[in-house]
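Undergrad: Quick one: this structure, given as structure tokens, is what I'll be asking you about.
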Amino acid sequence: MIDKNTAIRARSDRLFKALTLVWLILVLASGALMWRYKMTGGAPADAPARWPTGLDFPRAEGRPTLVMIAHPKCACTRASISELERLLSSGGQNADVHVLFVRPTGTPDGWERSDTYARASQLPGVHVHSDIGAASAKRFGAHVSGETLLYDVDGALLYHGGITGARGHEGDNAGRSRVLALLQGQVADRRDGPTFGCDIGEQRSRQ
């Protein structure tokens with residue numbers, strides 16, 4: 001006959017195992033959701049096939065022009081700037097590079113001058129712009145921070161998409177490889193790719 005204490009311990013063991021199983025399921029489900037989020041790109045750009053008019057800066061003459069759209073308060077922007085730096089140091093120096101940091105309408109002067117703005121400004125040969133009201137970003141049809149567009153010497157679109165492999169992730173990735181191949185006169189397997197970053201209008205209220 002099982003005594004009362006043994007029965008209590010048995011019930012406690014079963015409860016502990018059940019709670020542990022529930023905890024493991026929740027951890028795995030949370031991890032899966034986080035991974036899915038990190039690997040899901042934002043809305044693709046409605047990128048114009050030709051260099052757009054009405055911009056505050058010109059397209060380079062005689063060499064490709066690369067433009068990156070950046071949200072200064074998006075954590076994923078750090079990875080995009082890091083990948084841009086790697087791109088430039090590994091053979092992408094022949095492009096004229098512009099990084100547009102979006103300042104949403106209604107935010108104060110200097111709002112866009114974040115640590116990522118400062119870091120981009122330190123990259124050799126890179127032109128950094130404050131894009132008030134996302135005016136220029138809209139001309140490039142961009143919706144997501146990290147959107148990178150490459151135009152050839154004649155102003156034709158060569159690539160649009162991101163140059164990171166996931167949200168906030170640094171390291172070798174297809175987007176950067178495609179841009180580098182195109183800058184080196186090679187053939188890329190695709191002319192577009194997912195962009196992993198915040199919506200450029202998503203964080204308007206953050207100060």
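Residues are named by chain letter and number: chains run A, B, ... in the order of the structure tokens, numbers start at 1 in each chain, and ligands are numbered from 1 in the order shown.
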Please give the complete set of residues from range 45-200 of chain A that DSSP, run on the backbone, assigns to strand (DSSP E or B), formatted as a compact mmCIF listing (two decimals) with all heavy atoms, in the first residue's frame.
TA:
# COMPACT_ATOMS: atom_id res chain seq x y z
N ARG A 50 14.79 53.61 -63.69
CA ARG A 50 15.78 54.63 -64.03
C ARG A 50 15.99 55.55 -62.84
O ARG A 50 15.13 55.69 -61.98
CB ARG A 50 15.31 55.45 -65.23
CG ARG A 50 14.99 54.67 -66.48
CD ARG A 50 16.22 54.11 -67.15
NE ARG A 50 17.22 55.12 -67.46
CZ ARG A 50 18.38 54.87 -68.05
NH1 ARG A 50 18.69 53.62 -68.39
NH2 ARG A 50 19.24 55.83 -68.30
N THR A 65 26.20 54.29 -59.09
CA THR A 65 25.77 55.01 -57.89
C THR A 65 24.99 54.06 -57.01
O THR A 65 24.05 53.39 -57.47
CB THR A 65 24.90 56.22 -58.25
OG1 THR A 65 25.61 57.06 -59.16
CG2 THR A 65 24.54 57.01 -57.00
N LEU A 66 25.37 53.98 -55.74
CA LEU A 66 24.70 53.11 -54.78
C LEU A 66 24.04 53.98 -53.71
O LEU A 66 24.67 54.91 -53.18
CB LEU A 66 25.70 52.15 -54.14
CG LEU A 66 25.13 51.10 -53.18
CD1 LEU A 66 25.93 49.80 -53.29
CD2 LEU A 66 25.15 51.58 -51.72
N VAL A 67 22.79 53.68 -53.41
CA VAL A 67 22.02 54.43 -52.41
C VAL A 67 21.48 53.46 -51.37
O VAL A 67 20.89 52.44 -51.72
CB VAL A 67 20.85 55.20 -53.07
CG1 VAL A 67 20.02 55.92 -52.00
CG2 VAL A 67 21.38 56.19 -54.10
N MET A 68 21.69 53.79 -50.10
CA MET A 68 21.08 53.02 -49.01
C MET A 68 20.14 53.93 -48.23
O MET A 68 20.49 55.05 -47.87
CB MET A 68 22.14 52.46 -48.06
CG MET A 68 21.55 51.74 -46.85
SD MET A 68 22.79 51.12 -45.68
CE MET A 68 23.37 49.67 -46.59
N ILE A 69 18.93 53.42 -47.97
CA ILE A 69 17.96 54.12 -47.14
C ILE A 69 18.11 53.61 -45.71
O ILE A 69 18.14 52.40 -45.48
CB ILE A 69 16.51 53.86 -47.63
CG1 ILE A 69 16.41 54.08 -49.16
CG2 ILE A 69 15.54 54.73 -46.87
CD1 ILE A 69 16.76 55.46 -49.62
N ALA A 70 18.18 54.52 -44.74
CA ALA A 70 18.44 54.11 -43.35
C ALA A 70 17.51 54.83 -42.38
O ALA A 70 17.30 56.04 -42.50
CB ALA A 70 19.89 54.38 -42.98
N ASP A 96 29.79 55.40 -56.36
CA ASP A 96 29.51 56.63 -55.62
C ASP A 96 28.39 56.29 -54.65
O ASP A 96 27.29 55.92 -55.07
CB ASP A 96 29.09 57.73 -56.59
CG ASP A 96 28.99 59.08 -55.91
OD1 ASP A 96 29.87 59.42 -55.11
OD2 ASP A 96 27.99 59.80 -56.17
N VAL A 97 28.65 56.39 -53.35
CA VAL A 97 27.74 55.85 -52.33
C VAL A 97 27.07 56.96 -51.54
O VAL A 97 27.74 57.89 -51.06
CB VAL A 97 28.50 54.91 -51.37
CG1 VAL A 97 27.54 54.35 -50.32
CG2 VAL A 97 29.17 53.78 -52.15
N HIS A 98 25.76 56.83 -51.39
CA HIS A 98 24.97 57.79 -50.61
C HIS A 98 24.12 57.01 -49.60
O HIS A 98 23.49 56.01 -49.96
CB HIS A 98 24.03 58.59 -51.52
CG HIS A 98 24.74 59.41 -52.55
ND1 HIS A 98 25.01 60.75 -52.38
CD2 HIS A 98 25.25 59.06 -53.78
CE1 HIS A 98 25.64 61.20 -53.45
NE2 HIS A 98 25.80 60.21 -54.30
N VAL A 99 24.11 57.47 -48.35
CA VAL A 99 23.25 56.88 -47.32
C VAL A 99 22.27 57.96 -46.89
O VAL A 99 22.68 59.05 -46.45
CB VAL A 99 24.05 56.36 -46.11
CG1 VAL A 99 23.10 55.74 -45.09
CG2 VAL A 99 25.08 55.34 -46.56
N LEU A 100 20.99 57.67 -47.02
CA LEU A 100 19.94 58.63 -46.68
C LEU A 100 19.31 58.26 -45.34
O LEU A 100 18.63 57.24 -45.24
CB LEU A 100 18.86 58.64 -47.76
CG LEU A 100 19.33 58.70 -49.23
CD1 LEU A 100 18.12 58.76 -50.16
CD2 LEU A 100 20.24 59.89 -49.46
N PHE A 101 19.55 59.08 -44.33
CA PHE A 101 18.95 58.84 -43.01
C PHE A 101 17.64 59.61 -42.92
O PHE A 101 17.61 60.84 -42.98
CB PHE A 101 19.91 59.28 -41.90
CG PHE A 101 20.95 58.25 -41.59
CD1 PHE A 101 22.16 58.23 -42.27
CD2 PHE A 101 20.71 57.28 -40.62
CE1 PHE A 101 23.12 57.27 -41.99
CE2 PHE A 101 21.65 56.31 -40.34
CZ PHE A 101 22.87 56.30 -41.03
N VAL A 102 16.57 58.86 -42.79
CA VAL A 102 15.23 59.44 -42.79
C VAL A 102 14.96 60.19 -41.48
O VAL A 102 15.20 59.68 -40.40
CB VAL A 102 14.18 58.33 -42.99
CG1 VAL A 102 12.77 58.88 -42.83
CG2 VAL A 102 14.35 57.69 -44.36
N ARG A 103 14.48 61.42 -41.63
CA ARG A 103 13.96 62.16 -40.47
C ARG A 103 12.46 62.38 -40.69
O ARG A 103 12.06 63.19 -41.52
CB ARG A 103 14.64 63.52 -40.30
CG ARG A 103 14.20 64.22 -38.99
CD ARG A 103 14.27 65.73 -39.08
NE ARG A 103 15.61 66.21 -39.33
CZ ARG A 103 15.89 67.51 -39.56
NH1 ARG A 103 14.91 68.41 -39.60
NH2 ARG A 103 17.14 67.88 -39.80
N VAL A 126 31.83 58.02 -48.51
CA VAL A 126 30.37 57.86 -48.42
C VAL A 126 29.72 59.21 -48.12
O VAL A 126 30.14 59.92 -47.20
CB VAL A 126 30.00 56.83 -47.33
CG1 VAL A 126 28.49 56.80 -47.12
CG2 VAL A 126 30.51 55.45 -47.71
N HIS A 127 28.71 59.56 -48.89
CA HIS A 127 27.95 60.79 -48.69
C HIS A 127 26.73 60.48 -47.81
O HIS A 127 25.92 59.63 -48.17
CB HIS A 127 27.48 61.38 -50.02
CG HIS A 127 28.56 61.49 -51.05
ND1 HIS A 127 29.53 62.46 -51.02
CD2 HIS A 127 28.82 60.72 -52.14
CE1 HIS A 127 30.35 62.31 -52.04
NE2 HIS A 127 29.94 61.26 -52.74
N VAL A 128 26.62 61.17 -46.69
CA VAL A 128 25.51 60.93 -45.77
C VAL A 128 24.56 62.12 -45.83
O VAL A 128 24.99 63.28 -45.76
CB VAL A 128 26.01 60.71 -44.33
CG1 VAL A 128 24.84 60.54 -43.37
CG2 VAL A 128 26.92 59.48 -44.28
N HIS A 129 23.27 61.84 -45.96
CA HIS A 129 22.26 62.88 -46.11
C HIS A 129 21.16 62.74 -45.06
O HIS A 129 20.83 61.62 -44.66
CB HIS A 129 21.60 62.81 -47.48
CG HIS A 129 22.56 62.77 -48.63
ND1 HIS A 129 22.95 63.89 -49.32
CD2 HIS A 129 23.20 61.72 -49.22
CE1 HIS A 129 23.80 63.54 -50.27
NE2 HIS A 129 23.96 62.23 -50.24
N SER A 130 20.60 63.87 -44.65
CA SER A 130 19.38 63.87 -43.84
C SER A 130 18.20 63.96 -44.79
O SER A 130 18.09 64.91 -45.57
CB SER A 130 19.37 65.06 -42.87
OG SER A 130 20.42 64.96 -41.93
N ASP A 131 17.35 62.96 -44.76
CA ASP A 131 16.23 62.87 -45.70
C ASP A 131 14.95 63.30 -44.98
O ASP A 131 14.26 62.48 -44.36
CB ASP A 131 16.11 61.45 -46.23
CG ASP A 131 15.10 61.32 -47.36
OD1 ASP A 131 14.68 62.36 -47.89
OD2 ASP A 131 14.73 60.18 -47.70
N ILE A 132 14.66 64.58 -45.05
CA ILE A 132 13.54 65.15 -44.30
C ILE A 132 12.22 64.65 -44.89
O ILE A 132 11.96 64.77 -46.08
CB ILE A 132 13.57 66.70 -44.35
CG1 ILE A 132 14.98 67.22 -44.04
CG2 ILE A 132 12.55 67.27 -43.38
CD1 ILE A 132 15.53 66.75 -42.72
N VAL A 144 11.60 50.22 -46.32
CA VAL A 144 12.28 49.56 -45.22
C VAL A 144 13.71 50.08 -45.07
O VAL A 144 14.41 50.31 -46.07
CB VAL A 144 12.32 48.03 -45.45
CG1 VAL A 144 13.04 47.32 -44.32
CG2 VAL A 144 10.89 47.48 -45.57
N THR A 148 18.79 48.97 -50.34
CA THR A 148 19.98 49.39 -51.08
C THR A 148 19.69 49.29 -52.58
O THR A 148 19.21 48.26 -53.05
CB THR A 148 21.18 48.50 -50.71
OG1 THR A 148 21.39 48.58 -49.29
CG2 THR A 148 22.44 48.95 -51.43
N LEU A 149 19.98 50.37 -53.28
CA LEU A 149 19.71 50.42 -54.72
C LEU A 149 21.00 50.75 -55.45
O LEU A 149 21.72 51.67 -55.07
CB LEU A 149 18.65 51.47 -55.04
CG LEU A 149 17.34 51.34 -54.25
CD1 LEU A 149 17.31 52.35 -53.10
CD2 LEU A 149 16.12 51.55 -55.14
N LEU A 150 21.27 50.00 -56.50
CA LEU A 150 22.47 50.21 -57.31
C LEU A 150 22.06 50.56 -58.73
O LEU A 150 21.31 49.81 -59.37
CB LEU A 150 23.34 48.95 -57.31
CG LEU A 150 24.61 49.00 -58.16
CD1 LEU A 150 25.58 50.06 -57.63
CD2 LEU A 150 25.28 47.63 -58.20
N TYR A 151 22.56 51.69 -59.22
CA TYR A 151 22.30 52.14 -60.59
C TYR A 151 23.61 52.17 -61.37
O TYR A 151 24.65 52.53 -60.83
CB TYR A 151 21.66 53.53 -60.58
CG TYR A 151 20.22 53.51 -60.11
CD1 TYR A 151 19.90 53.54 -58.76
CD2 TYR A 151 19.17 53.46 -61.03
CE1 TYR A 151 18.57 53.51 -58.33
CE2 TYR A 151 17.84 53.43 -60.61
CZ TYR A 151 17.55 53.46 -59.26
OH TYR A 151 16.24 53.42 -58.84
N ALA A 156 20.55 53.14 -65.08
CA ALA A 156 19.62 52.02 -65.07
C ALA A 156 19.77 51.22 -63.78
O ALA A 156 20.88 51.01 -63.30
CB ALA A 156 19.87 51.12 -66.28
N LEU A 157 18.65 50.76 -63.24
CA LEU A 157 18.66 50.01 -62.00
C LEU A 157 19.30 48.63 -62.20
O LEU A 157 18.91 47.88 -63.09
CB LEU A 157 17.23 49.83 -61.48
CG LEU A 157 17.05 49.06 -60.18
CD1 LEU A 157 17.66 49.83 -59.00
CD2 LEU A 157 15.56 48.78 -59.91
N LEU A 158 20.29 48.33 -61.36
CA LEU A 158 20.94 47.03 -61.40
C LEU A 158 20.47 46.11 -60.28
O LEU A 158 20.36 44.90 -60.47
CB LEU A 158 22.46 47.20 -61.28
CG LEU A 158 23.19 47.84 -62.46
CD1 LEU A 158 24.67 48.00 -62.12
CD2 LEU A 158 23.01 47.00 -63.72
N TYR A 159 20.21 46.70 -59.10
CA TYR A 159 19.84 45.88 -57.93
C TYR A 159 19.03 46.73 -56.96
O TYR A 159 19.27 47.93 -56.80
CB TYR A 159 21.09 45.37 -57.22
CG TYR A 159 20.79 44.61 -55.93
CD1 TYR A 159 20.47 43.26 -55.95
CD2 TYR A 159 20.81 45.27 -54.69
CE1 TYR A 159 20.18 42.57 -54.78
CE2 TYR A 159 20.52 44.59 -53.52
CZ TYR A 159 20.21 43.25 -53.56
OH TYR A 159 19.91 42.56 -52.40
N HIS A 160 18.08 46.08 -56.30
CA HIS A 160 17.43 46.69 -55.14
C HIS A 160 17.10 45.60 -54.14
O HIS A 160 16.71 44.49 -54.50
CB HIS A 160 16.18 47.49 -55.55
CG HIS A 160 15.01 46.65 -55.94
ND1 HIS A 160 14.06 46.23 -55.04
CD2 HIS A 160 14.62 46.15 -57.14
CE1 HIS A 160 13.14 45.52 -55.66
NE2 HIS A 160 13.46 45.45 -56.94
N GLY A 161 17.29 45.92 -52.87
CA GLY A 161 17.08 44.95 -51.80
C GLY A 161 18.05 45.21 -50.67
O GLY A 161 18.72 46.24 -50.64
N ASP A 192 17.56 41.37 -57.18
CA ASP A 192 16.83 41.87 -56.03
C ASP A 192 17.04 40.91 -54.87
O ASP A 192 17.66 39.86 -55.01
CB ASP A 192 15.35 42.04 -56.34
CG ASP A 192 14.66 40.72 -56.70
OD1 ASP A 192 15.35 39.66 -56.72
OD2 ASP A 192 13.45 40.73 -56.96
N ASP A 199 10.37 49.44 -40.85
CA ASP A 199 9.65 50.31 -41.75
C ASP A 199 10.14 51.74 -41.52
O ASP A 199 10.28 52.17 -40.37
CB ASP A 199 8.14 50.21 -41.49
CG ASP A 199 7.32 50.98 -42.49
OD1 ASP A 199 7.25 52.22 -42.35
OD2 ASP A 199 6.74 50.36 -43.39
Undergrad: What's the 7 Å shell around range 180-189 of chain A, counting only C-alpha atoms, without same-chain residues fewer than 6 positions away, as a PDB file with all heavy atoms, in the first residue's frame?
TA:
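The resulting file, part_20.pdb, is shown below:
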ATOM      1  N   LEU A  87      31.337  45.772 -47.883  1.00  0.00           N
ATOM      2  CA  LEU A  87      31.198  45.843 -49.332  1.00  0.00           C
ATOM      3  C   LEU A  87      32.242  46.788 -49.928  1.00  0.00           C
ATOM      4  O   LEU A  87      32.910  46.460 -50.924  1.00  0.00           O
ATOM      5  CB  LEU A  87      29.784  46.316 -49.682  1.00  0.00           C
ATOM      6  CG  LEU A  87      29.486  46.603 -51.159  1.00  0.00           C
ATOM      7  CD1 LEU A  87      29.555  45.323 -51.968  1.00  0.00           C
ATOM      8  CD2 LEU A  87      28.120  47.254 -51.300  1.00  0.00           C
ATOM      9  N   GLY A  91      35.931  45.558 -52.548  1.00  0.00           N
ATOM     10  CA  GLY A  91      35.899  45.745 -53.993  1.00  0.00           C
ATOM     11  C   GLY A  91      34.792  46.630 -54.496  1.00  0.00           C
ATOM     12  O   GLY A  91      34.599  46.744 -55.705  1.00  0.00           O
ATOM     13  N   GLY A  92      34.061  47.277 -53.602  1.00  0.00           N
ATOM     14  CA  GLY A  92      32.963  48.130 -54.035  1.00  0.00           C
ATOM     15  C   GLY A  92      33.303  49.608 -54.053  1.00  0.00           C
ATOM     16  O   GLY A  92      32.423  50.457 -54.117  1.00  0.00           O
TER      17      GLY A  92
END
Undergrad: Rank A:Ala43, A:Ile8, A:Leu84, A:Ala142 by their smallest atom-to-atom distance to Pro194 in chain A, using only C-alpha atoms, and report the top residue only.
TA: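 So, comparing all the options, the nearest one is A:Ala43.
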Undergrad: In Å to one decimal, how far is CA of Asn94 in chain A from CA of Gly62 in chain A?
TA: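 The value is 9.9 Å.
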Undergrad: Just how far from CA of Cys198 in chain A is CA of Gly165 in chain A, in Å to one decimal?
TA: 14.5 Å
Undergrad: Near Gly54 in chain A, within 10 Å and counting only C-alpha atoms, which residues show up once chain neighbours fewer than 3 positions away are dropped, as a list in words?
TA: Trp51, Phe57, Pro58, Ala135, Ser136 and Arg139 of chain A
Undergrad: With only C-alpha atoms as the atoms that count, which of A:Phe196, A:Thr105, A:Arg113, A:Arg59 lies nearest to Glu170 in chain A?
TA: A:Phe196
